[in-house]
Each structure stands twice: as C-alpha cells, then as structure tokens.
>>> print(open('run_23.csv').read())   # CSV, C-alpha atoms
chain,number,residue,atom,x,y,z
A,1,MET,CA,-17.1,-63.4,32.6
A,2,SER,CA,-20.3,-61.5,33.2
A,3,ARG,CA,-20.7,-57.8,32.6
A,4,ARG,CA,-21.1,-57.1,36.3
A,5,LEU,CA,-17.9,-59.0,37.2
A,6,ARG,CA,-16.0,-57.2,34.5
A,7,LEU,CA,-17.2,-53.8,35.8
A,8,ALA,CA,-16.2,-54.8,39.4
A,9,VAL,CA,-12.7,-55.7,38.2
A,10,LEU,CA,-12.5,-52.4,36.3
A,11,ALA,CA,-13.6,-50.5,39.4
A,12,VAL,CA,-11.0,-52.2,41.6
A,13,GLY,CA,-8.3,-51.4,39.1
A,14,GLY,CA,-9.4,-47.8,38.5
A,15,THR,CA,-9.7,-47.1,42.3
A,16,GLY,CA,-6.2,-48.5,42.8
A,17,LEU,CA,-4.7,-46.5,40.0
A,18,ALA,CA,-6.4,-43.3,41.2
A,19,ALA,CA,-5.2,-43.9,44.8
A,20,LEU,CA,-1.6,-44.5,43.7
A,21,LEU,CA,-1.7,-41.4,41.4
A,22,VAL,CA,-2.9,-39.2,44.2
A,23,LEU,CA,-0.3,-40.7,46.6
A,24,ALA,CA,2.5,-40.0,44.0
A,25,CYS,CA,1.3,-36.4,43.4
A,26,LEU,CA,1.3,-35.6,47.2
A,27,ASP,CA,5.1,-36.0,47.2
A,28,LEU,CA,5.8,-33.8,44.2
A,29,PRO,CA,7.6,-30.5,44.8
A,30,SER,CA,5.2,-27.5,44.5
A,31,PHE,CA,4.6,-25.8,41.2
A,32,GLY,CA,7.4,-23.3,40.2
A,33,GLY,CA,10.0,-23.0,42.9
A,34,ARG,CA,13.7,-22.5,42.8
A,35,TRP,CA,15.0,-26.0,43.4
A,36,HIS,CA,15.8,-27.9,40.1
A,37,PRO,CA,18.6,-30.5,40.9
A,38,TYR,CA,18.3,-32.3,37.5
A,39,GLY,CA,18.1,-29.1,35.5
A,40,GLU,CA,21.2,-27.6,37.2
A,41,ALA,CA,23.2,-30.8,36.7
A,42,ALA,CA,22.2,-31.0,33.0
A,43,VAL,CA,23.1,-27.3,32.3
A,44,ARG,CA,26.5,-27.7,34.0
A,45,ALA,CA,27.3,-30.9,32.0
A,46,SER,CA,26.0,-29.2,28.8
A,47,LEU,CA,28.3,-26.1,29.3
A,48,ASP,CA,31.2,-28.4,30.0
A,49,ARG,CA,30.8,-29.9,26.5
A,50,HIS,CA,30.1,-26.5,24.8
A,51,THR,CA,26.6,-27.3,23.8
A,52,ALA,CA,24.4,-24.2,23.9
A,53,ASN,CA,21.0,-26.0,23.8
A,54,THR,CA,20.8,-28.1,26.9
A,55,VAL,CA,17.7,-30.0,25.6
A,56,ALA,CA,19.7,-31.1,22.5
A,57,PHE,CA,22.6,-32.0,24.8
A,58,VAL,CA,20.3,-34.2,26.9
A,59,ASN,CA,18.8,-35.8,23.7
A,60,PHE,CA,22.0,-36.5,21.8
A,61,ASP,CA,24.7,-36.9,24.5
A,62,LEU,CA,23.4,-37.8,28.0
A,63,ARG,CA,20.4,-39.7,26.7
A,64,ALA,CA,21.6,-40.6,23.2
A,65,HIS,CA,20.5,-44.2,23.8
A,66,ASP,CA,16.9,-43.0,24.4
A,67,THR,CA,16.9,-41.0,21.2
A,68,LEU,CA,18.2,-44.2,19.4
A,69,GLY,CA,15.1,-46.0,20.7
A,70,GLU,CA,12.7,-43.3,19.7
A,71,MET,CA,14.3,-43.1,16.2
A,72,SER,CA,13.9,-46.9,15.9
A,73,ILE,CA,10.2,-46.6,16.9
A,74,LEU,CA,9.6,-44.0,14.2
A,75,PHE,CA,11.5,-46.1,11.7
A,76,ALA,CA,9.5,-49.3,12.5
A,77,ALA,CA,6.2,-47.4,12.5
A,78,VAL,CA,7.0,-46.0,9.0
A,79,VAL,CA,8.0,-49.4,7.7
A,80,GLY,CA,4.8,-50.9,9.1
A,81,CYS,CA,2.7,-48.1,7.4
A,82,VAL,CA,4.5,-48.7,4.1
A,83,VAL,CA,3.7,-52.5,4.3
A,84,LEU,CA,0.1,-51.9,5.5
A,85,LEU,CA,-0.8,-49.2,3.0
A,86,ARG,CA,0.7,-50.8,-0.1
A,87,GLN,CA,-1.4,-51.4,-3.2
A,88,ALA,CA,-3.3,-54.7,-2.7
A,89,ARG,CA,-4.0,-57.2,-5.5
A,90,ASP,CA,-7.7,-56.1,-5.8
A,91,GLU,CA,-6.8,-52.4,-6.1
A,92,HIS,CA,-5.6,-50.3,-9.0
A,93,ARG,CA,-4.2,-46.9,-9.4
A,94,GLU,CA,-6.3,-44.2,-11.0
A,95,PRO,CA,-4.4,-41.0,-11.8
A,96,PRO,CA,-6.3,-38.1,-10.0
A,97,GLN,CA,-7.8,-35.5,-12.2
A,98,PRO,CA,-6.2,-32.0,-11.8
A,99,SER,CA,-8.8,-29.6,-10.3
A,100,ASP,CA,-8.9,-25.8,-10.0
A,101,VAL,CA,-7.3,-24.3,-7.0
A,102,ALA,CA,-8.7,-21.0,-5.6
A,103,PRO,CA,-6.2,-18.2,-6.5
A,104,PRO,CA,-5.8,-17.0,-2.9
A,105,VAL,CA,-5.0,-20.5,-1.7
A,106,ARG,CA,-2.5,-21.0,-4.5
A,107,ARG,CA,-0.8,-17.7,-3.9
A,108,TYR,CA,-0.6,-18.3,-0.1
A,109,ALA,CA,0.6,-21.9,-0.4
A,110,LEU,CA,3.4,-21.0,-3.0
A,111,LEU,CA,4.4,-18.0,-0.9
A,112,VAL,CA,4.6,-19.9,2.4
A,113,LEU,CA,6.2,-23.1,1.0
A,114,PRO,CA,9.8,-21.8,0.6
A,115,VAL,CA,9.6,-19.9,3.9
A,116,ALA,CA,8.4,-23.0,5.8
A,117,LEU,CA,11.0,-25.2,4.1
A,118,VAL,CA,13.9,-22.8,5.0
A,119,VAL,CA,12.5,-22.5,8.6
A,120,GLY,CA,12.5,-26.3,8.9
A,121,LEU,CA,16.1,-26.6,7.6
A,122,TYR,CA,17.2,-23.7,9.9
A,123,VAL,CA,15.7,-25.4,12.9
A,124,VAL,CA,17.5,-28.7,12.0
A,125,ALA,CA,20.8,-27.0,11.4
A,126,HIS,CA,20.7,-24.9,14.7
A,127,GLY,CA,19.4,-27.8,16.9
A,128,GLN,CA,22.5,-27.7,19.1
A,129,LEU,CA,22.3,-23.9,19.5
A,130,SER,CA,18.6,-22.8,19.8
A,131,PRO,CA,15.3,-24.5,20.7
A,132,GLY,CA,14.4,-27.2,18.1
A,133,GLY,CA,16.4,-29.9,16.5
A,134,GLY,CA,16.3,-32.7,14.0
A,135,PHE,CA,12.9,-33.9,14.9
A,136,GLN,CA,11.0,-30.6,15.0
A,137,GLY,CA,12.8,-29.1,12.0
A,138,GLY,CA,12.4,-32.4,10.1
A,139,VAL,CA,8.6,-32.5,10.6
A,140,VAL,CA,8.3,-28.8,9.5
A,141,ALA,CA,10.4,-29.3,6.4
A,142,ALA,CA,8.5,-32.4,5.4
A,143,THR,CA,5.0,-30.9,5.9
A,144,ALA,CA,6.2,-27.7,4.1
A,145,LEU,CA,6.7,-29.8,0.9
A,146,HIS,CA,3.1,-30.8,1.0
A,147,LEU,CA,1.9,-27.2,0.6
A,148,LEU,CA,2.6,-27.9,-3.0
A,149,TYR,CA,-0.4,-30.3,-3.0
A,150,LEU,CA,-2.5,-27.5,-1.7
A,151,GLY,CA,-1.1,-24.9,-4.0
A,152,ALA,CA,-0.8,-26.9,-7.2
A,153,ASP,CA,-1.9,-30.6,-7.5
A,154,TYR,CA,-0.9,-34.1,-6.7
A,155,ARG,CA,1.2,-34.5,-9.9
A,156,ALA,CA,3.4,-31.5,-9.0
A,157,LEU,CA,4.0,-32.9,-5.5
A,158,GLU,CA,4.9,-36.3,-7.0
A,159,ARG,CA,7.4,-34.7,-9.3
A,160,VAL,CA,9.4,-33.0,-6.4
A,161,ARG,CA,9.1,-36.1,-4.2
A,162,PRO,CA,10.7,-39.2,-5.7
A,163,ILE,CA,9.5,-41.6,-3.0
A,164,GLY,CA,12.3,-44.2,-3.5
A,165,THR,CA,14.9,-41.6,-2.7
A,166,TYR,CA,13.2,-40.6,0.5
A,167,GLU,CA,12.9,-44.3,1.6
A,168,VAL,CA,16.6,-44.8,1.1
A,169,THR,CA,17.4,-41.5,2.9
A,170,ASP,CA,15.2,-42.7,5.8
A,171,ALA,CA,17.3,-45.8,6.2
A,172,LEU,CA,20.5,-43.9,5.6
A,173,GLY,CA,19.7,-41.4,8.4
A,174,THR,CA,19.0,-44.3,10.8
A,175,CYS,CA,22.3,-46.0,9.8
A,176,ALA,CA,24.2,-42.7,10.2
A,177,TYR,CA,23.1,-42.4,13.8
A,178,LEU,CA,24.3,-46.0,14.5
A,179,VAL,CA,27.6,-45.4,12.7
A,180,VAL,CA,28.3,-42.3,14.8
A,181,GLY,CA,27.5,-44.4,17.9
A,182,LEU,CA,29.8,-47.3,16.7
A,183,ALA,CA,32.6,-44.8,15.9
A,184,GLY,CA,32.8,-44.2,19.6
A,185,VAL,CA,33.3,-48.0,20.2
A,186,LEU,CA,36.0,-48.2,17.5
A,187,ALA,CA,37.8,-45.2,19.1
A,188,GLY,CA,38.0,-47.1,22.3
A,189,THR,CA,35.4,-45.3,24.5
A,190,ALA,CA,31.7,-46.4,24.5
A,191,PHE,CA,28.7,-46.6,22.2
A,192,LEU,CA,27.3,-43.1,21.5
A,193,ALA,CA,29.8,-41.5,24.0
A,194,ASN,CA,30.5,-37.9,23.0
A,195,THR,CA,34.3,-38.1,23.4
A,196,LEU,CA,35.2,-38.5,19.8
A,197,LEU,CA,35.3,-35.0,18.4
A,198,PRO,CA,36.7,-31.7,19.8
A,199,TYR,CA,33.9,-29.7,21.5
A,200,GLY,CA,34.6,-26.6,19.5
A,201,THR,CA,33.8,-22.9,20.3
A,202,PHE,CA,30.7,-22.4,22.5
A,203,ASN,CA,27.6,-21.2,20.5
A,204,THR,CA,28.9,-21.9,17.0
A,205,LEU,CA,27.4,-24.4,14.5
A,206,SER,CA,30.3,-26.9,14.9
A,207,SER,CA,30.3,-26.9,18.7
A,208,GLY,CA,29.2,-29.9,20.9
A,209,GLY,CA,31.3,-32.8,19.5
A,210,THR,CA,29.0,-35.4,18.0
A,211,VAL,CA,25.8,-33.6,19.0
A,212,PRO,CA,25.4,-31.8,15.6
A,213,LEU,CA,26.1,-35.0,13.7
A,214,LEU,CA,23.5,-37.0,15.6
A,215,ASN,CA,21.1,-34.1,15.3
A,216,ALA,CA,21.6,-34.0,11.5
A,217,ALA,CA,21.1,-37.8,11.3
A,218,ILE,CA,17.8,-37.4,13.2
A,219,GLY,CA,16.8,-34.5,10.9
A,220,MET,CA,17.4,-36.6,7.8
A,221,GLU,CA,15.6,-39.6,9.2
A,222,VAL,CA,12.5,-37.7,10.4
A,223,THR,CA,12.2,-35.6,7.2
A,224,SER,CA,12.2,-38.7,5.0
A,225,ALA,CA,10.0,-40.7,7.4
A,226,VAL,CA,7.3,-38.0,7.5
A,227,VAL,CA,7.5,-37.6,3.7
A,228,VAL,CA,7.2,-41.4,3.2
A,229,LEU,CA,4.4,-41.7,5.7
A,230,LEU,CA,2.3,-38.9,4.1
A,231,ALA,CA,3.0,-40.3,0.7
A,232,ARG,CA,1.5,-43.6,1.6
A,233,PHE,CA,-1.6,-41.9,3.1
A,234,LEU,CA,-1.9,-39.6,0.1
A,235,ASP,CA,-1.6,-42.6,-2.3
A,236,GLN,CA,-4.5,-44.3,-0.5
A,237,ALA,CA,-6.6,-41.1,-0.2
A,238,VAL,CA,-6.1,-39.8,-3.8
A,239,GLU,CA,-4.9,-42.5,-6.1
A,240,ILE,CA,-5.5,-46.1,-5.2
A,241,GLU,CA,-9.1,-47.4,-6.0
A,242,GLU,CA,-10.7,-50.7,-5.2
A,243,GLU,CA,-11.6,-52.8,-8.2
A,244,GLN,CA,-15.3,-52.5,-9.1
A,245,GLY,CA,-17.5,-55.6,-8.5
A,246,SER,CA,-14.8,-57.6,-6.7
B,247,MET,CA,1.5,-12.2,36.5
B,248,ALA,CA,3.1,-15.3,35.0
B,249,ASP,CA,0.8,-17.5,37.0
B,250,ALA,CA,-2.2,-15.6,35.6
B,251,VAL,CA,-1.0,-16.3,32.0
B,252,ILE,CA,-0.6,-20.0,32.8
B,253,VAL,CA,-4.1,-20.2,34.3
B,254,VAL,CA,-5.6,-18.5,31.2
B,255,VAL,CA,-3.8,-20.8,28.8
B,256,LEU,CA,-4.7,-23.9,30.9
B,257,LEU,CA,-8.4,-22.9,30.7
B,258,LEU,CA,-8.0,-22.4,26.9
B,259,VAL,CA,-6.5,-25.9,26.6
B,260,ALA,CA,-9.4,-27.3,28.6
B,261,ALA,CA,-11.9,-25.4,26.4
B,262,THR,CA,-10.4,-26.5,23.1
B,263,ALA,CA,-10.0,-30.1,24.3
B,264,THR,CA,-13.7,-30.2,25.3
B,265,ALA,CA,-14.6,-28.7,21.9
B,266,ALA,CA,-12.5,-31.4,20.2
B,267,VAL,CA,-14.4,-34.2,22.1
B,268,ALA,CA,-17.8,-32.6,21.5
B,269,THR,CA,-17.3,-32.2,17.7
B,270,ARG,CA,-18.7,-35.4,16.1
B,271,ASP,CA,-17.8,-35.0,12.4
B,272,PRO,CA,-14.2,-36.4,12.1
B,273,SER,CA,-13.1,-33.8,9.5
B,274,ARG,CA,-14.2,-30.9,11.6
B,275,GLN,CA,-12.7,-32.6,14.6
B,276,ALA,CA,-9.3,-32.6,12.8
B,277,LEU,CA,-9.5,-28.8,12.5
B,278,VAL,CA,-10.5,-28.4,16.2
B,279,LEU,CA,-7.6,-30.7,17.1
B,280,SER,CA,-5.3,-28.5,15.1
B,281,LEU,CA,-6.4,-25.5,17.0
B,282,GLN,CA,-5.9,-27.4,20.3
B,283,GLY,CA,-2.4,-28.2,19.1
B,284,VAL,CA,-1.6,-24.5,18.7
B,285,VAL,CA,-3.0,-23.7,22.2
B,286,LEU,CA,-1.0,-26.6,23.7
B,287,ALA,CA,2.1,-25.2,22.0
B,288,VAL,CA,1.4,-21.8,23.6
B,289,LEU,CA,1.0,-23.6,27.0
B,290,PHE,CA,4.4,-25.3,26.6
B,291,THR,CA,6.0,-21.9,25.6
B,292,VAL,CA,4.5,-20.2,28.6
B,293,LEU,CA,5.9,-23.0,30.8
B,294,GLN,CA,9.4,-22.3,29.2
B,295,ALA,CA,9.6,-25.5,27.2
B,296,PRO,CA,10.2,-24.2,23.6
B,297,ASP,CA,11.6,-27.5,22.3
B,298,VAL,CA,8.5,-29.4,23.3
B,299,ALA,CA,6.3,-26.5,22.0
B,300,LEU,CA,8.0,-26.8,18.5
B,301,SER,CA,7.4,-30.5,18.4
B,302,GLN,CA,3.8,-30.0,19.5
B,303,LEU,CA,3.3,-27.3,16.9
B,304,ALA,CA,4.7,-29.4,14.1
B,305,VAL,CA,3.1,-32.8,15.0
B,306,GLY,CA,0.0,-31.8,16.9
B,307,SER,CA,-1.3,-29.0,14.8
B,308,ALA,CA,0.0,-29.9,11.3
B,309,LEU,CA,0.8,-33.6,10.9
B,310,THR,CA,-1.9,-35.4,13.0
B,311,PRO,CA,-4.8,-33.4,11.5
B,312,LEU,CA,-3.5,-34.0,8.0
B,313,LEU,CA,-3.3,-37.7,8.6
B,314,ILE,CA,-6.8,-37.7,10.0
B,315,MET,CA,-8.1,-35.7,7.0
B,316,LEU,CA,-6.5,-38.1,4.6
B,317,SER,CA,-7.9,-41.2,6.4
B,318,VAL,CA,-11.4,-39.6,6.4
B,319,ARG,CA,-11.1,-38.9,2.7
B,320,LYS,CA,-10.1,-42.5,2.0
B,321,VAL,CA,-13.0,-44.0,4.1
B,322,ARG,CA,-15.6,-41.7,2.5
B,323,ARG,CA,-14.3,-42.4,-1.1
B,324,ARG,CA,-14.4,-46.1,-0.4
B,325,ALA,CA,-18.0,-45.8,0.8
B,326,ARG,CA,-19.0,-43.9,-2.3
B,327,THR,CA,-17.4,-46.4,-4.7
B,328,THR,CA,-19.0,-49.4,-3.0
B,329,ASP,CA,-22.4,-47.6,-3.2
B,330,GLU,CA,-21.9,-47.1,-7.0
B,331,GLY,CA,-20.8,-50.8,-7.3
B,332,GLY,CA,-24.0,-51.9,-5.5
B,333,ASP,CA,-26.2,-49.8,-7.9
B,334,GLY,CA,-24.5,-51.0,-11.1
>>> encode(input="run_23.csv", output="structure tokens")
Amino acid sequence: MSRRLRLAVLAVGGTGLAALLVLACLDLPSFGGRWHPYGEAAVRASLDRHTANTVAFVNFDLRAHDTLGEMSILFAAVVGCVVLLRQARDEHREPPQPSDVAPPVRRYALLVLPVALVVGLYVVAHGQLSPGGGFQGGVVAATALHLLYLGADYRALERVRPIGTYEVTDALGTCAYLVVGLAGVLAGTAFLANTLLPYGTFNTLSSGGTVPLLNAAIGMEVTSAVVVLLARFLDQAVEIEEEQGS
Amino acid sequence: MADAVIVVVLLLVAATATAAVATRDPSRQALVLSLQGVVLAVLFTVLQAPDVALSQLAVGSALTPLLIMLSVRKVRRRARTTDEGGDG
C-alpha cells in the first residue's frame, strides 16, 4: 500500500469518526441541568441497601461484575509485568550502594510516610461511607511505603517489603473477591448479589451488606499489586545489571 | 460563579497538558505530568466527582510519574553501561 493510499484511508476513517462524534454530541443533554435519571435511580437503590457512598454502591453492588473485570485486568497486568521484568539469564544483581540523602528530604519523607499510610488505610476502610475506596486507598498506601526509598535507601525499603508476601496477598485479594461472589451462589441467590448479609445501620462501618467485604478485597489486591509492580520496576532501575561484554 | 471556576480549571488543564506535550526531556515530562495530574484532580473535584479525583490524584500524579522516572533511569543506566563496555 502506498503512502498516499494509506493517508487517504486514514482521512476517510478520521472524517467518519469526527462526523459520528459530532452527531453523538448534538444529542447530549446540556451541561449541568437538573435532570439526572441514572443518578437518582442509583441513589435510591443505594439508600435502600444502607450504603452511604453511592459510588461504592455502584462499584461493588450494582456493577460488581464490572469491578471483577477491572480487578482481573490489574491482576493480569501485574503478572505480565512480573514475567517481563524478571532477571534474565545474561543479567546479574548488583547491590546498590547506599548514598547520602539530603536532611530536609529525609525529614520530610519520614514525617509524611506514616501520615500517608494511615490516610491510605483510612480511605480503604471508609470506602462504603465517604469518597474513595479500595482502589484509591490501596494506591495511596502502596506509594506511601515507597517514601522510605526517598527518605532512607533501597535496602530499608526491601526490609519492610517482603515481595513474596505481597505477591501472595495480591492473589488472595483476587480470590477473596471471587469467594464473596460465589458465596451468593451457594446461598441460593446469584453471583455477586448483595443479598447475603444484613444491610446494617446506615452510615456505620459495617453497613451495606457485602460492599465493605468486596471493598476490602479490592483494597488488599490493589495495595499488593502496586507494591509488586513498583518493586519490579525498582529492581530493574536500581539493582539488575546487564553482564559486561555479552 | 461555579461555571467560572470550571472554566478556569479547564484552562489550567489545557495549559498543563500543552506544557507536558511541549517538554521534550522524559524525566522533566514526568514532573509536568504529575502537575497535570493534580490539576485534573482539581477539575474532577470541581465537577463533584471526588472518587474519580482521588483515583486521579493517586494514579495520575504519583504512580505514573514514578513508573516513568524508574523506566528513564533504567534506560539511561543501560546506555551508560554499554558505553563503558564498548570502551573496555
């Protein structure tokens, strides 16, 4: 195919896509406005099941299947990364030399680390009550751990982060989500149906039936997945060296 | 009033996004990307989507730039060791 022909095909495709997008946007309701049919339906259903955070309700009850899919994508991506970034045969590990950290950086990192970690765990634990949830809190908690790399050095980080444990926790979190889903099947309703547990008192930690359980499973999975992912990248960036002269 | 805030934040997003594209050095680009992540999180908060804003703040302004920086470091180190191997 010549360059000119390829450009022509691209132009036809691009024009078609642009036309369809403009057509689709012409029919959208105007910005803002008072008419939100889906929002109102979701809030009503969420209040019926005593879940204060409607977004968490949509993620872990109405659309729990979608969250299962997203979780599997993250899990598969991390497994792929672990396989791709493993130590190859022509590479060796060279322990990184500890280097001096500027005192203000060290002070700031060690001061912020516990605060960020607690904020992350708080966001996971209160996913069904306030904005946030397993995913957001998990990423915050996992990245908070890596402040230790900024504040101290790589050795210190490796000591608080036994990578095997996090890999197992990642798989366990994924399994926990599936087990809660299957429990619904065993109880005679449906996969991931939130009819298993009592809905509890509105706006307390244990409200919402299976929502807090699924949220905790996601929190566990995401925290470990991000730690494992960053560990592989750090290994490659800091420790693994190519053999000389190969 | 609320509309004015949305317009200002949208302009900020456009400005930081353009800056991220215009920056050529990948490690500087990661920092600009991190800044753009914060501005996007502000935009989502202004549009009353705090859940999305939290995700954006954690992933867009902390995790992604960190992964980019680590990749850049790996690539640069690799180039340096191959240079040394070529000399020796």
>>> residues_around(input="run_23.csv", residues="range 120-137 of chain A", least_positions_apart="4", cutoff="7 Å", atoms="only C-alpha atoms", output="list in words")
Thr51, Ala52, Asn53, Ala56, Ala116, Ala141, Asn203, Leu205, Val211, Pro212, Asn215, Ala216, Ile218, Gly219 and Val222 of chain A; Pro296, Asp297, Leu300, Ser301 and Ala304 of chain B
>>> write_last_selection(input="run_23.csv", atoms="C-alpha atoms", output="PDB file, in the frame of the given file")
ATOM      1  CA  THR A  51      26.600 -27.300  23.800  1.00  0.00           C
ATOM      2  CA  ALA A  52      24.400 -24.200  23.900  1.00  0.00           C
ATOM      3  CA  ASN A  53      21.000 -26.000  23.800  1.00  0.00           C
ATOM      4  CA  ALA A  56      19.700 -31.100  22.500  1.00  0.00           C
ATOM      5  CA  ALA A 116       8.400 -23.000   5.800  1.00  0.00           C
ATOM      6  CA  ALA A 141      10.400 -29.300   6.400  1.00  0.00           C
ATOM      7  CA  ASN A 203      27.600 -21.200  20.500  1.00  0.00           C
ATOM      8  CA  LEU A 205      27.400 -24.400  14.500  1.00  0.00           C
ATOM      9  CA  VAL A 211      25.800 -33.600  19.000  1.00  0.00           C
ATOM     10  CA  PRO A 212      25.400 -31.800  15.600  1.00  0.00           C
ATOM     11  CA  ASN A 215      21.100 -34.100  15.300  1.00  0.00           C
ATOM     12  CA  ALA A 216      21.600 -34.000  11.500  1.00  0.00           C
ATOM     13  CA  ILE A 218      17.800 -37.400  13.200  1.00  0.00           C
ATOM     14  CA  GLY A 219      16.800 -34.500  10.900  1.00  0.00           C
ATOM     15  CA  VAL A 222      12.500 -37.700  10.400  1.00  0.00           C
TER      16      VAL A 222
ATOM     17  CA  PRO B 296      10.200 -24.200  23.600  1.00  0.00           C
ATOM     18  CA  ASP B 297      11.600 -27.500  22.300  1.00  0.00           C
ATOM     19  CA  LEU B 300       8.000 -26.800  18.500  1.00  0.00           C
ATOM     20  CA  SER B 301       7.400 -30.500  18.400  1.00  0.00           C
ATOM     21  CA  ALA B 304       4.700 -29.400  14.100  1.00  0.00           C
TER      22      ALA B 304
END
>>> closest_residue(input="run_23.csv", among="B:Val288, B:Ala295, B:Val278, B:Leu316", to="Ile252 in chain B", atoms="all atoms listed in the file")
B:Val288
>>> closest_atom_pairs(input="run_23.csv", of="chain A", to="chain B", cutoff="8 Å", atoms="all atoms listed in the file", output="CSV")
residue,atom,partner,partner_atom,distance
A:Val55,CA,B:Asp297,CA,7.4
A:Pro131,CA,B:Asp297,CA,5.0
A:Gly132,CA,B:Asp297,CA,5.1
A:Gly133,CA,B:Asp297,CA,7.9
A:Phe135,CA,B:Ser301,CA,7.4
A:Gln136,CA,B:Ser301,CA,5.0
A:Val139,CA,B:Ala304,CA,6.1
A:Val140,CA,B:Ala304,CA,5.9
A:Thr143,CA,B:Leu309,CA,7.1
A:Leu230,CA,B:Leu313,CA,7.3
A:Phe233,CA,B:Leu316,CA,6.4
A:Leu234,CA,B:Leu316,CA,6.6
A:Gln236,CA,B:Lys320,CA,6.4
A:Ala237,CA,B:Lys320,CA,4.4
A:Val238,CA,B:Lys320,CA,7.5
A:Glu241,CA,B:Arg324,CA,7.8
A:Glu242,CA,B:Arg324,CA,7.6
A:Gln244,CA,B:Gly331,CA,6.0
A:Gly245,CA,B:Gly331,CA,5.9
>>> write_last_selection(input="run_23.csv", atoms="C-alpha atoms", output="PDB file, in the frame of the given file")
ATOM      1  CA  VAL A  55      17.700 -30.000  25.600  1.00  0.00           C
ATOM      2  CA  PRO A 131      15.300 -24.500  20.700  1.00  0.00           C
ATOM      3  CA  GLY A 132      14.400 -27.200  18.100  1.00  0.00           C
ATOM      4  CA  GLY A 133      16.400 -29.900  16.500  1.00  0.00           C
ATOM      5  CA  PHE A 135      12.900 -33.900  14.900  1.00  0.00           C
ATOM      6  CA  GLN A 136      11.000 -30.600  15.000  1.00  0.00           C
ATOM      7  CA  VAL A 139       8.600 -32.500  10.600  1.00  0.00           C
ATOM      8  CA  VAL A 140       8.300 -28.800   9.500  1.00  0.00           C
ATOM      9  CA  THR A 143       5.000 -30.900   5.900  1.00  0.00           C
ATOM     10  CA  LEU A 230       2.300 -38.900   4.100  1.00  0.00           C
ATOM     11  CA  PHE A 233      -1.600 -41.900   3.100  1.00  0.00           C
ATOM     12  CA  LEU A 234      -1.900 -39.600   0.100  1.00  0.00           C
ATOM     13  CA  GLN A 236      -4.500 -44.300  -0.500  1.00  0.00           C
ATOM     14  CA  ALA A 237      -6.600 -41.100  -0.200  1.00  0.00           C
ATOM     15  CA  VAL A 238      -6.100 -39.800  -3.800  1.00  0.00           C
ATOM     16  CA  GLU A 241      -9.100 -47.400  -6.000  1.00  0.00           C
ATOM     17  CA  GLU A 242     -10.700 -50.700  -5.200  1.00  0.00           C
ATOM     18  CA  GLN A 244     -15.300 -52.500  -9.100  1.00  0.00           C
ATOM     19  CA  GLY A 245     -17.500 -55.600  -8.500  1.00  0.00           C
TER      20      GLY A 245
END
>>> atom_distance(input="run_23.csv", atom1="CA of Gln282 in chain B", atom2="CA of Arg270 in chain B")
15.7 Å
>>> residues_around(input="run_23.csv", residues="Tyr177 in chain A", least_positions_apart="4", cutoff="9 Å", atoms="only C-alpha atoms", output="ChimeraX atom specification")
/A:68,172-173,181-182,192,213-218
>>> write_last_selection(input="run_23.csv", atoms="C-alpha atoms", output="short mmCIF file (atom, residue, chain, number, x, y, z; two decimals), in the frame of the given file")
data_model
loop_
_atom_site.label_atom_id
_atom_site.label_comp_id
_atom_site.auth_asym_id
_atom_site.auth_seq_id
_atom_site.Cartn_x
_atom_site.Cartn_y
_atom_site.Cartn_z
CA LEU A 68 18.20 -44.20 19.40
CA LEU A 172 20.50 -43.90 5.60
CA GLY A 173 19.70 -41.40 8.40
CA GLY A 181 27.50 -44.40 17.90
CA LEU A 182 29.80 -47.30 16.70
CA LEU A 192 27.30 -43.10 21.50
CA LEU A 213 26.10 -35.00 13.70
CA LEU A 214 23.50 -37.00 15.60
CA ASN A 215 21.10 -34.10 15.30
CA ALA A 216 21.60 -34.00 11.50
CA ALA A 217 21.10 -37.80 11.30
CA ILE A 218 17.80 -37.40 13.20
#
>>> atom_distance(input="run_23.csv", atom1="CA of Ala261 in chain B", atom2="CA of Ser307 in chain B")
16.1 Å
>>> atom_distance(input="run_23.csv", atom1="CA of Thr15 in chain A", atom2="CA of Leu256 in chain B")
26.3 Å
>>> residues_around(input="run_23.csv", residues="Arg155 in chain A", least_positions_apart="3", cutoff="10 Å", atoms="all atoms listed in the file", output="list in words")
Pro95, Pro96, Gln97, Pro98, Leu148, Tyr149, Ala152, Glu158, Arg159, Val160 and Arg161 of chain A
>>> residues_around(input="run_23.csv", residues="Val255 in chain B", least_positions_apart="5", cutoff="12 Å", atoms="all atoms listed in the file", output="list in words")
Ala248, Asp249, Ala250, Ala260, Ala261, Thr262, Gln282, Val284, Val285, Leu286, Ala287, Val288, Leu289, Phe290, Thr291, Val292 and Leu293 of chain B
>>> closest_residue(input="run_23.csv", among="A:Pro162, A:Ala11, A:Gly32, A:Ser46", to="Gly209 in chain A", atoms="all atoms listed in the file")
A:Ser46
